[in-house]
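Below is the file start.cif, which contains mmCIF, C-alpha atoms.
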```cif
data_final
loop_
_atom_site.label_atom_id
_atom_site.label_comp_id
_atom_site.auth_asym_id
_atom_site.auth_seq_id
_atom_site.Cartn_x
_atom_site.Cartn_y
_atom_site.Cartn_z
CA MET U 1 5.96 173.56 -67.48
CA ASN U 2 8.68 175.09 -65.31
CA TRP U 3 8.51 178.86 -65.79
CA GLU U 4 11.62 179.70 -63.81
CA THR U 5 14.25 181.49 -65.89
CA ARG U 6 17.11 183.77 -64.92
CA VAL U 7 14.71 186.67 -65.48
CA SER U 8 11.90 185.37 -63.27
CA LYS U 9 14.40 184.34 -60.58
CA MET U 10 16.24 187.68 -60.65
CA LEU U 11 13.03 189.72 -60.49
CA GLY U 12 11.23 187.44 -58.03
CA ILE U 13 8.22 186.88 -60.29
CA ARG U 14 6.21 183.75 -61.11
CA TYR U 15 6.18 184.18 -64.88
CA PRO U 16 8.84 185.89 -67.04
CA ILE U 17 6.37 188.47 -68.35
CA ILE U 18 7.09 192.19 -68.05
CA GLN U 19 4.72 195.07 -68.72
CA GLY U 20 6.18 197.86 -70.81
CA GLY U 21 6.62 201.43 -69.58
CA LEU U 22 3.67 202.82 -71.60
CA ALA U 23 3.97 206.60 -71.40
CA TYR U 24 0.93 208.30 -69.81
CA LEU U 25 -0.72 204.90 -69.21
CA ALA U 26 1.36 202.75 -66.86
CA TYR U 27 0.31 203.69 -63.35
CA SER U 28 -0.59 201.88 -60.14
CA GLU U 29 -3.76 200.20 -61.42
CA LEU U 30 -2.05 198.42 -64.30
CA ALA U 31 1.29 197.83 -62.58
CA SER U 32 -0.25 196.18 -59.51
CA ALA U 33 -2.55 194.02 -61.64
CA VAL U 34 0.34 192.67 -63.69
CA SER U 35 2.42 191.98 -60.59
CA ASN U 36 -0.50 190.28 -58.83
CA ALA U 37 -1.01 188.07 -61.89
CA GLY U 38 2.57 186.81 -61.70
CA GLY U 39 4.41 189.21 -64.01
CA LEU U 40 6.33 192.41 -63.39
CA GLY U 41 4.21 195.55 -63.55
CA GLN U 42 5.80 198.94 -64.07
CA ILE U 43 5.01 202.60 -63.38
CA THR U 44 6.00 205.18 -65.99
CA ALA U 45 8.02 207.81 -64.14
CA MET U 46 8.66 210.50 -66.74
CA SER U 47 4.97 210.91 -67.58
CA LEU U 48 4.51 212.28 -64.07
CA SER U 49 5.19 215.93 -63.35
CA SER U 50 6.77 215.72 -59.90
CA ARG U 51 8.60 213.59 -57.37
CA SER U 52 5.54 213.55 -55.13
CA GLN U 53 3.35 212.15 -57.89
CA LEU U 54 5.80 209.31 -58.51
CA ARG U 55 6.05 208.59 -54.79
CA ASP U 56 2.25 208.49 -54.58
CA GLU U 57 2.08 205.95 -57.40
CA ILE U 58 4.68 203.75 -55.71
CA VAL U 59 2.71 203.89 -52.45
CA LYS U 60 -0.48 202.97 -54.32
CA VAL U 61 1.17 199.97 -55.97
CA ARG U 62 2.41 198.71 -52.62
CA ALA U 63 -1.08 199.09 -51.20
CA LYS U 64 -2.44 196.87 -53.96
CA THR U 65 0.26 194.21 -54.19
CA SER U 66 3.04 192.65 -52.15
CA LYS U 67 4.71 191.42 -55.33
CA PRO U 68 7.77 192.97 -57.03
CA PHE U 69 7.24 195.84 -59.47
CA GLY U 70 9.35 198.27 -61.42
CA VAL U 71 9.59 201.91 -62.44
CA ASN U 72 10.36 202.82 -66.04
CA TYR U 73 12.38 205.89 -67.02
CA ALA U 74 12.22 207.20 -70.58
CA ILE U 75 15.36 209.35 -70.48
CA GLY U 76 15.61 210.39 -74.12
CA GLN U 77 13.03 213.17 -74.04
CA HIS U 78 15.09 216.03 -75.44
CA GLY U 79 17.40 216.42 -72.49
CA ARG U 80 14.74 216.36 -69.79
CA GLU U 81 16.27 215.92 -66.36
CA TYR U 82 15.43 212.62 -64.68
CA LYS U 83 17.79 212.15 -61.73
CA HIS U 84 15.43 213.78 -59.22
CA MET U 85 12.81 211.23 -60.27
CA LEU U 86 15.30 208.38 -60.06
CA ASP U 87 16.07 209.49 -56.51
CA VAL U 88 12.47 208.64 -55.58
CA ALA U 89 12.94 205.03 -56.70
CA ILE U 90 16.13 204.86 -54.65
CA GLU U 91 14.51 206.41 -51.59
CA GLU U 92 11.52 204.07 -51.86
CA ASN U 93 13.77 201.05 -52.40
CA VAL U 94 11.98 200.05 -55.60
CA PRO U 95 13.21 196.55 -56.58
CA VAL U 96 13.53 197.11 -60.34
CA VAL U 97 14.02 200.03 -62.72
CA SER U 98 14.07 200.02 -66.50
CA VAL U 99 15.54 202.64 -68.79
CA THR U 100 14.51 203.42 -72.34
CA GLY U 101 15.34 205.92 -75.03
CA GLY U 102 18.83 207.11 -74.17
CA ASN U 103 22.39 206.40 -73.06
CA PRO U 104 22.12 204.75 -69.62
CA THR U 105 25.66 205.59 -68.45
CA ALA U 106 24.73 208.46 -66.11
CA PHE U 107 21.56 206.59 -65.08
CA PHE U 108 23.61 203.60 -63.89
CA GLU U 109 26.15 205.82 -62.16
CA HIS U 110 23.33 207.38 -60.15
CA LEU U 111 22.26 203.90 -58.99
CA GLN U 112 25.69 202.85 -57.74
CA GLY U 113 25.59 201.44 -54.23
CA THR U 114 21.99 200.24 -54.50
CA ASP U 115 20.59 196.72 -54.99
CA ILE U 116 18.06 197.86 -57.60
CA LYS U 117 17.93 195.60 -60.66
CA LYS U 118 18.53 197.46 -63.92
CA LEU U 119 16.79 196.59 -67.20
CA VAL U 120 17.66 198.38 -70.45
CA LEU U 121 15.59 198.50 -73.62
CA VAL U 122 17.79 198.06 -76.68
CA ALA U 123 17.10 197.79 -80.41
CA SER U 124 20.40 196.41 -81.70
CA LYS U 125 23.17 193.98 -80.85
CA ARG U 126 25.59 196.89 -80.41
CA GLN U 127 23.35 198.56 -77.84
CA ALA U 128 22.92 195.28 -75.95
CA ILE U 129 26.67 194.72 -75.70
CA LYS U 130 27.16 198.28 -74.46
CA ALA U 131 24.37 197.90 -71.88
CA GLU U 132 26.02 194.77 -70.51
CA GLU U 133 29.38 196.55 -70.29
CA LEU U 134 27.75 199.39 -68.34
CA GLY U 135 26.23 197.00 -65.79
CA ALA U 136 22.73 196.15 -66.95
CA ASP U 137 21.23 193.12 -65.21
CA ALA U 138 19.20 192.25 -68.33
CA VAL U 139 18.38 193.73 -71.71
CA MET U 140 14.93 194.03 -73.26
CA VAL U 141 15.32 193.65 -77.02
CA VAL U 142 12.67 195.31 -79.19
CA GLY U 143 12.26 194.24 -82.80
CA GLN U 144 10.86 196.33 -85.61
CA GLU U 145 7.32 195.04 -84.97
CA GLY U 146 7.10 196.87 -81.66
CA GLY U 147 5.05 199.95 -80.80
CA GLY U 148 6.51 203.27 -79.74
CA HIS U 149 10.18 204.04 -80.26
CA LEU U 150 12.24 201.51 -82.19
CA GLY U 151 15.72 201.00 -83.57
CA ARG U 152 16.90 202.53 -86.82
CA ASP U 153 17.93 199.28 -88.51
CA ASP U 154 14.51 197.77 -89.36
CA VAL U 155 15.45 194.35 -87.94
CA GLY U 156 12.58 192.10 -86.85
CA SER U 157 12.38 190.20 -83.58
CA LEU U 158 12.90 186.77 -85.15
CA VAL U 159 16.41 187.74 -86.25
CA LEU U 160 17.34 190.33 -83.61
CA ILE U 161 16.56 188.32 -80.47
CA PRO U 162 18.90 185.35 -81.15
CA GLN U 163 21.59 187.76 -82.37
CA VAL U 164 21.53 189.52 -79.01
CA VAL U 165 21.28 186.26 -77.07
CA ASP U 166 24.51 185.10 -78.73
CA ALA U 167 26.23 188.43 -78.10
CA VAL U 168 25.71 188.92 -74.34
CA SER U 169 25.89 186.80 -71.21
CA ILE U 170 23.16 188.60 -69.24
CA PRO U 171 19.52 187.53 -69.65
CA VAL U 172 17.62 188.74 -72.71
CA ILE U 173 13.95 189.74 -72.60
CA ALA U 174 12.15 189.72 -75.96
CA SER U 175 9.89 192.59 -77.01
CA GLY U 176 8.09 193.56 -80.19
CA GLY U 177 5.24 191.63 -81.80
CA ILE U 178 4.46 189.51 -78.72
CA GLY U 179 0.95 189.29 -77.32
CA ASP U 180 0.05 185.66 -76.63
CA GLY U 181 1.33 182.26 -75.58
CA ARG U 182 2.72 181.55 -79.01
CA GLY U 183 4.85 184.67 -78.77
CA LEU U 184 6.07 183.74 -75.29
CA LEU U 185 7.10 180.24 -76.31
CA ALA U 186 8.69 181.52 -79.54
CA ALA U 187 10.74 184.04 -77.56
CA LEU U 188 12.00 181.32 -75.22
CA SER U 189 12.83 179.16 -78.23
CA LEU U 190 14.97 182.00 -79.62
CA GLY U 191 16.99 182.04 -76.41
CA ALA U 192 15.24 184.86 -74.56
CA GLU U 193 14.38 184.28 -70.90
CA GLY U 194 11.30 186.46 -70.72
CA ILE U 195 9.07 188.79 -72.68
CA GLU U 196 8.03 192.42 -72.44
CA MET U 197 4.62 193.44 -73.78
CA GLY U 198 3.37 196.98 -74.25
CA THR U 199 0.50 197.17 -76.74
CA ARG U 200 -1.16 193.99 -75.46
CA PHE U 201 -1.41 195.41 -71.93
CA ILE U 202 -3.13 198.58 -73.16
CA ALA U 203 -6.17 196.54 -74.16
CA THR U 204 -6.91 195.34 -70.63
CA GLU U 205 -9.46 196.38 -68.02
CA GLU U 206 -6.84 197.70 -65.59
CA CYS U 207 -5.26 200.06 -68.12
CA VAL U 208 -7.77 202.60 -66.88
CA HIS U 209 -6.03 205.68 -68.29
CA ALA U 210 -6.43 204.45 -71.87
CA SER U 211 -9.67 205.65 -73.45
CA GLU U 212 -12.16 203.06 -74.61
CA ARG U 213 -11.77 204.49 -78.11
CA TYR U 214 -8.03 203.75 -78.05
CA LYS U 215 -8.61 200.23 -76.80
CA GLN U 216 -11.29 199.56 -79.41
CA ASN U 217 -9.08 200.90 -82.18
CA ILE U 218 -6.36 198.46 -81.09
CA ILE U 219 -8.87 195.61 -81.11
CA ASP U 220 -10.24 196.58 -84.54
CA ALA U 221 -6.85 197.17 -86.17
CA GLU U 222 -5.11 194.79 -88.55
CA GLU U 223 -1.37 194.19 -88.47
CA THR U 224 -1.08 196.60 -91.42
CA ASP U 225 -2.77 199.48 -89.57
CA THR U 226 0.36 200.96 -87.99
CA VAL U 227 2.94 203.33 -89.41
CA ILE U 228 6.43 204.50 -88.45
CA ILE U 229 6.68 208.22 -87.77
CA LYS U 230 9.66 210.45 -86.84
CA ARG U 231 12.07 208.38 -88.96
CA LYS U 232 13.46 211.46 -90.72
CA ILE U 233 14.39 213.11 -87.43
CA GLY U 234 16.27 210.00 -86.28
CA ALA U 235 13.71 208.73 -83.78
CA PRO U 236 11.54 206.14 -85.57
CA ALA U 237 8.44 205.09 -83.67
CA ARG U 238 5.37 202.99 -84.53
CA ALA U 239 1.85 204.36 -84.10
CA LEU U 240 -1.68 203.58 -85.22
CA LYS U 241 -2.43 205.04 -88.67
CA ASN U 242 -4.81 208.00 -88.76
CA THR U 243 -5.10 211.43 -90.37
CA TRP U 244 -2.79 212.84 -87.69
CA THR U 245 0.06 210.47 -88.57
CA ASP U 246 -0.58 211.32 -92.24
CA LYS U 247 0.09 214.97 -91.34
CA ILE U 248 3.27 214.00 -89.49
CA LEU U 249 4.59 212.04 -92.46
CA GLU U 250 3.76 214.89 -94.81
CA LEU U 251 5.63 217.34 -92.60
CA GLU U 252 8.59 214.99 -92.39
CA GLN U 253 8.86 215.08 -96.17
CA GLN U 254 8.64 218.86 -96.28
CA THR U 255 10.71 219.90 -93.22
CA PRO U 256 12.39 216.98 -91.44
CA THR U 257 13.23 218.76 -88.17
CA TYR U 258 12.07 218.34 -84.60
CA GLU U 259 10.94 221.96 -84.45
CA ALA U 260 8.68 221.49 -87.46
CA LEU U 261 7.12 218.36 -85.97
CA LYS U 262 7.05 219.40 -82.32
CA GLU U 263 3.39 220.37 -82.16
CA PHE U 264 2.28 217.15 -83.84
CA ILE U 265 4.44 214.69 -81.85
CA SER U 266 4.03 216.31 -78.44
CA GLY U 267 2.86 214.61 -75.29
CA GLU U 268 -0.31 216.71 -75.49
CA ALA U 269 -1.10 215.36 -78.96
CA ASN U 270 -0.49 211.85 -77.64
CA LYS U 271 -2.80 212.37 -74.65
CA ARG U 272 -5.62 213.80 -76.76
CA TYR U 273 -5.87 210.41 -78.43
CA ILE U 274 -5.01 207.96 -75.68
CA HIS U 275 -6.76 209.73 -72.77
CA ASP U 276 -9.56 211.66 -74.44
CA GLY U 277 -10.28 209.26 -77.32
CA ASN U 278 -9.94 212.05 -79.89
CA ASP U 279 -8.44 209.78 -82.53
CA GLU U 280 -8.24 212.36 -85.32
CA GLU U 281 -6.57 215.12 -83.27
CA GLY U 282 -3.60 213.18 -81.94
CA PHE U 283 -1.58 209.99 -82.23
CA ALA U 284 -1.32 206.72 -80.29
CA TRP U 285 1.55 204.26 -80.05
CA ALA U 286 0.89 200.65 -81.05
CA GLY U 287 2.84 197.72 -82.43
CA GLN U 288 1.99 195.36 -85.26
CA VAL U 289 0.66 192.93 -82.67
CA VAL U 290 -2.62 194.89 -82.88
CA GLY U 291 -3.50 192.35 -85.57
CA ARG U 292 -3.47 189.65 -82.88
CA ILE U 293 -5.50 191.50 -80.23
CA TYR U 294 -9.23 190.77 -80.14
CA ASP U 295 -10.43 191.77 -76.67
CA SER U 296 -9.74 193.78 -73.52
CA PRO U 297 -9.80 191.30 -70.63
CA PRO U 298 -8.69 191.64 -67.02
CA VAL U 299 -4.91 191.35 -66.73
CA SER U 300 -5.19 188.13 -64.71
CA VAL U 301 -7.27 186.51 -67.45
CA LEU U 302 -4.80 187.64 -70.12
CA ILE U 303 -1.75 186.25 -68.32
CA ASP U 304 -3.51 182.98 -67.45
CA ARG U 305 -4.47 182.65 -71.11
CA ILE U 306 -0.90 183.30 -72.28
CA ILE U 307 0.53 180.72 -69.90
CA SER U 308 -2.14 178.13 -70.73
CA GLU U 309 -1.60 178.57 -74.46
CA ALA U 310 2.18 178.33 -74.14
CA GLU U 311 1.92 175.18 -72.00
CA SER U 312 -0.49 173.59 -74.47
CA ILE U 313 1.89 174.22 -77.36
CA TYR U 314 4.84 172.98 -75.34
CA SER U 315 3.00 169.74 -74.51
CA ARG U 316 2.14 169.19 -78.16
CA LEU U 317 5.70 169.79 -79.33
CA LYS U 318 7.16 167.67 -76.55
#
```
Whole structure, structure tokens version:
Amino acid sequence: MNWETRVSKMLGIRYPIIQGGLAYLAYSELASAVSNAGGLGQITAMSLSSRSQLRDEIVKVRAKTSKPFGVNYAIGQHGREYKHMLDVAIEENVPVVSVTGGNPTAFFEHLQGTDIKKLVLVASKRQAIKAEELGADAVMVVGQEGGGHLGRDDVGSLVLIPQVVDAVSIPVIASGGIGDGRGLLAALSLGAEGIEMGTRFIATEECVHASERYKQNIIDAEETDTVIIKRKIGAPARALKNTWTDKILELEQQTPTYEALKEFISGEANKRYIHDGNDEEGFAWAGQVVGRIYDSPPVSVLIDRIISEAESIYSRLK
């Protein structure tokens, strides 16, 4: 099967598979492994506390792979400044950046005059059209099945992806509910030219910053074991169910404000679960694809498996 699409060609990768930004998890170990396996690995920039830390991660990735990689910027974190971190990607001539969680207008303006490819995560047709108008090279479209922050319209990937494909001329990358070869081939059938996976890459050997407890909980979970939090403050996001998310939902009913929820939805609460494995004193992002995840293999094995499965299905259908 010919895996060249506009996405793989534009990004210089063998397979049109992109690793999600994964706050507090996506660093050099995971990013380089994904890139070496033929996909596009990414570093999460805004989980780092300084320019020097981001530069160090970029240097580490380049020491581990000669393949293209990206840096993800989650810019919607309550007005947190990001341009000094974006300057590092520009200075280091990073080939690809992705932006999530906010209006990318100022982000794109800061990149003017560079050759850096720009990917934008969107959750609606309207957002995709706007991203194309602003100069995005491709859009990553996340359906309601996805983990982490989602759109407000509760539209699933099966409907949303072809809607966006028909609405824009730039390449579309499918995200949300994808974790195997079936998902990859389905995304291509819907008109997408690549996939982005977040949750599936957490349960891999090279996602070394994720606690074993977090990984095992992903493996053990059913597709019904996630819940959407923060909906009442206008920022819906999908996480694994636990007593902590129960508290969040209870607070949302009582006092639906960011200030009331701040302690429970903080980065520190997130890290207590995902780094320390304290799964009753914090929360962890995960998509409904947890119901399709049964192991934590090396990244290379995972990607080979996805490609082999997709090619097998394609041969059968052909």
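Distances from U:Arg6, U:Arg231, U:Leu111, U:Gln288 to Ser157 of chain U were compared using all atoms listed in the file, and the smallest one belongs to U:Gln288.
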Explicit residues for the PyMOL selection byres ((chain U and resi 134-143) around 6) (as a ChimeraX atom specification): /U:118-123,131-133,144-146,156-157,170-176
If we count all atoms listed in the file and set the cut-off at 10 Å, which residues sit around Gln19 of chain U, ignoring sequence neighbours fewer than 6 positions away in its own chain? Please answer as a PDB file with C-alpha atoms, keeping the file's coordinate frame.
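around-v4.pdb, written as the output of this step:
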```
ATOM      1  CA  ALA U  26       1.360 202.750 -66.860  1.00  0.00           C
ATOM      2  CA  LEU U  30      -2.050 198.420 -64.300  1.00  0.00           C
ATOM      3  CA  ALA U  31       1.290 197.830 -62.580  1.00  0.00           C
ATOM      4  CA  VAL U  34       0.340 192.670 -63.690  1.00  0.00           C
ATOM      5  CA  SER U  35       2.420 191.980 -60.590  1.00  0.00           C
ATOM      6  CA  GLY U  39       4.410 189.210 -64.010  1.00  0.00           C
ATOM      7  CA  LEU U  40       6.330 192.410 -63.390  1.00  0.00           C
ATOM      8  CA  GLY U  41       4.210 195.550 -63.550  1.00  0.00           C
ATOM      9  CA  GLN U  42       5.800 198.940 -64.070  1.00  0.00           C
ATOM     10  CA  ILE U  43       5.010 202.600 -63.380  1.00  0.00           C
ATOM     11  CA  PHE U  69       7.240 195.840 -59.470  1.00  0.00           C
ATOM     12  CA  GLY U  70       9.350 198.270 -61.420  1.00  0.00           C
ATOM     13  CA  ASN U  72      10.360 202.820 -66.040  1.00  0.00           C
ATOM     14  CA  ILE U 195       9.070 188.790 -72.680  1.00  0.00           C
ATOM     15  CA  GLU U 196       8.030 192.420 -72.440  1.00  0.00           C
ATOM     16  CA  MET U 197       4.620 193.440 -73.780  1.00  0.00           C
ATOM     17  CA  GLY U 198       3.370 196.980 -74.250  1.00  0.00           C
ATOM     18  CA  THR U 199       0.500 197.170 -76.740  1.00  0.00           C
ATOM     19  CA  ARG U 200      -1.160 193.990 -75.460  1.00  0.00           C
ATOM     20  CA  PHE U 201      -1.410 195.410 -71.930  1.00  0.00           C
ATOM     21  CA  ILE U 202      -3.130 198.580 -73.160  1.00  0.00           C
TER      22      ILE U 202
END
```
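Atom CA of Ala74 of chain U to atom CA of Asp295 of chain U spans 28.1 Å [interatomic distance, one decimal].
With all atoms listed in the file as the basis for measurement, U:Pro68 is the residue among U:Gly113, U:Pro104, U:Pro68, U:Gly234 that approaches Ala37 of chain U most closely.
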Please list as an NGL selection string every residue within 7 Å of Leu25 of chain U, counting only C-alpha atoms and excluding residues in the same chain fewer than 2 positions away. :U and (22-23 or 27 or 207 or 209-210)
Show me the residues around (12.4, 211.5, -86.1) - criterion: an atom at most 10 Å away, only C-alpha atoms counted - as a VMD selection string. chain U and resid 149 228 to 237 252 256 to 258 261 265
Selected residues, C-alpha atoms, written as a PDB file, in the frame of the given file, please.
```
ATOM      1  CA  HIS U 149      10.180 204.040 -80.260  1.00  0.00           C
ATOM      2  CA  ILE U 228       6.430 204.500 -88.450  1.00  0.00           C
ATOM      3  CA  ILE U 229       6.680 208.220 -87.770  1.00  0.00           C
ATOM      4  CA  LYS U 230       9.660 210.450 -86.840  1.00  0.00           C
ATOM      5  CA  ARG U 231      12.070 208.380 -88.960  1.00  0.00           C
ATOM      6  CA  LYS U 232      13.460 211.460 -90.720  1.00  0.00           C
ATOM      7  CA  ILE U 233      14.390 213.110 -87.430  1.00  0.00           C
ATOM      8  CA  GLY U 234      16.270 210.000 -86.280  1.00  0.00           C
ATOM      9  CA  ALA U 235      13.710 208.730 -83.780  1.00  0.00           C
ATOM     10  CA  PRO U 236      11.540 206.140 -85.570  1.00  0.00           C
ATOM     11  CA  ALA U 237       8.440 205.090 -83.670  1.00  0.00           C
ATOM     12  CA  GLU U 252       8.590 214.990 -92.390  1.00  0.00           C
ATOM     13  CA  PRO U 256      12.390 216.980 -91.440  1.00  0.00           C
ATOM     14  CA  THR U 257      13.230 218.760 -88.170  1.00  0.00           C
ATOM     15  CA  TYR U 258      12.070 218.340 -84.600  1.00  0.00           C
ATOM     16  CA  LEU U 261       7.120 218.360 -85.970  1.00  0.00           C
ATOM     17  CA  ILE U 265       4.440 214.690 -81.850  1.00  0.00           C
TER      18      ILE U 265
END
```
For this structure, which residues satisfy the selection - the PyMOL selection byres ((chain U and resi 239-242) around 8) - when it is evaluated on the file as given? I want them as a PyMOL selection string. chain U and resi 147-148+225-229+237-238+243-246+279-280+283-287
Residue neighbourhood Ser312 of chain U, 12 Å, only C-alpha atoms, exclusion window fewer than 4 positions, as a PyMOL selection string: chain U and resi 1+181-182+185+305-308+316-318
Provide the atom CA of Val71 of chain U to atom CA of Ala192 of chain U distance in Å, to one decimal place. 21.7 Å
Point-to-point distance in Å for atom CA of Met10 of chain U and atom CA of Asn93 of chain U: 15.9 Å
Across U:Ser189, U:Thr5, U:Ser32, U:Gln254, the smallest distance to Val61 of chain U, with all atoms listed in the file counted, is shown by U:Ser32
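Candidate residues U:Thr44, U:Ser211, U:Thr224, U:Ser50 were compared for distance to Met85 of chain U, and the nearest is U:Ser50, using all atoms listed in the file.
Checking U:Ile178, U:Leu160, U:Ala269, U:Ile75 one by one against Gly102 of chain U, counting only C-alpha atoms, you find the shortest gap at U:Ile75.
The nearest approach to Arg292 of chain U among the residues U:Gly21, U:Glu81, U:Gly179, U:Glu57, with only C-alpha atoms taken into account, belongs to U:Gly179.
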Starting from the shown file, work through the PyMOL selection byres ((chain U and resi 13) around 7) and note down what comes out as a PyMOL selection string. chain U and resi 8-9+11-12+14-16+38-40+68
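Environment of (28.0, 193.7, -83.9): residues at most 12 Å away, judged by all atoms listed in the file, are Ser124, Lys125, Arg126, Gln127, Ala128, Ile129, Lys130, Leu160, Gln163, Val164, Asp166, Ala167 and Val168 of chain U.
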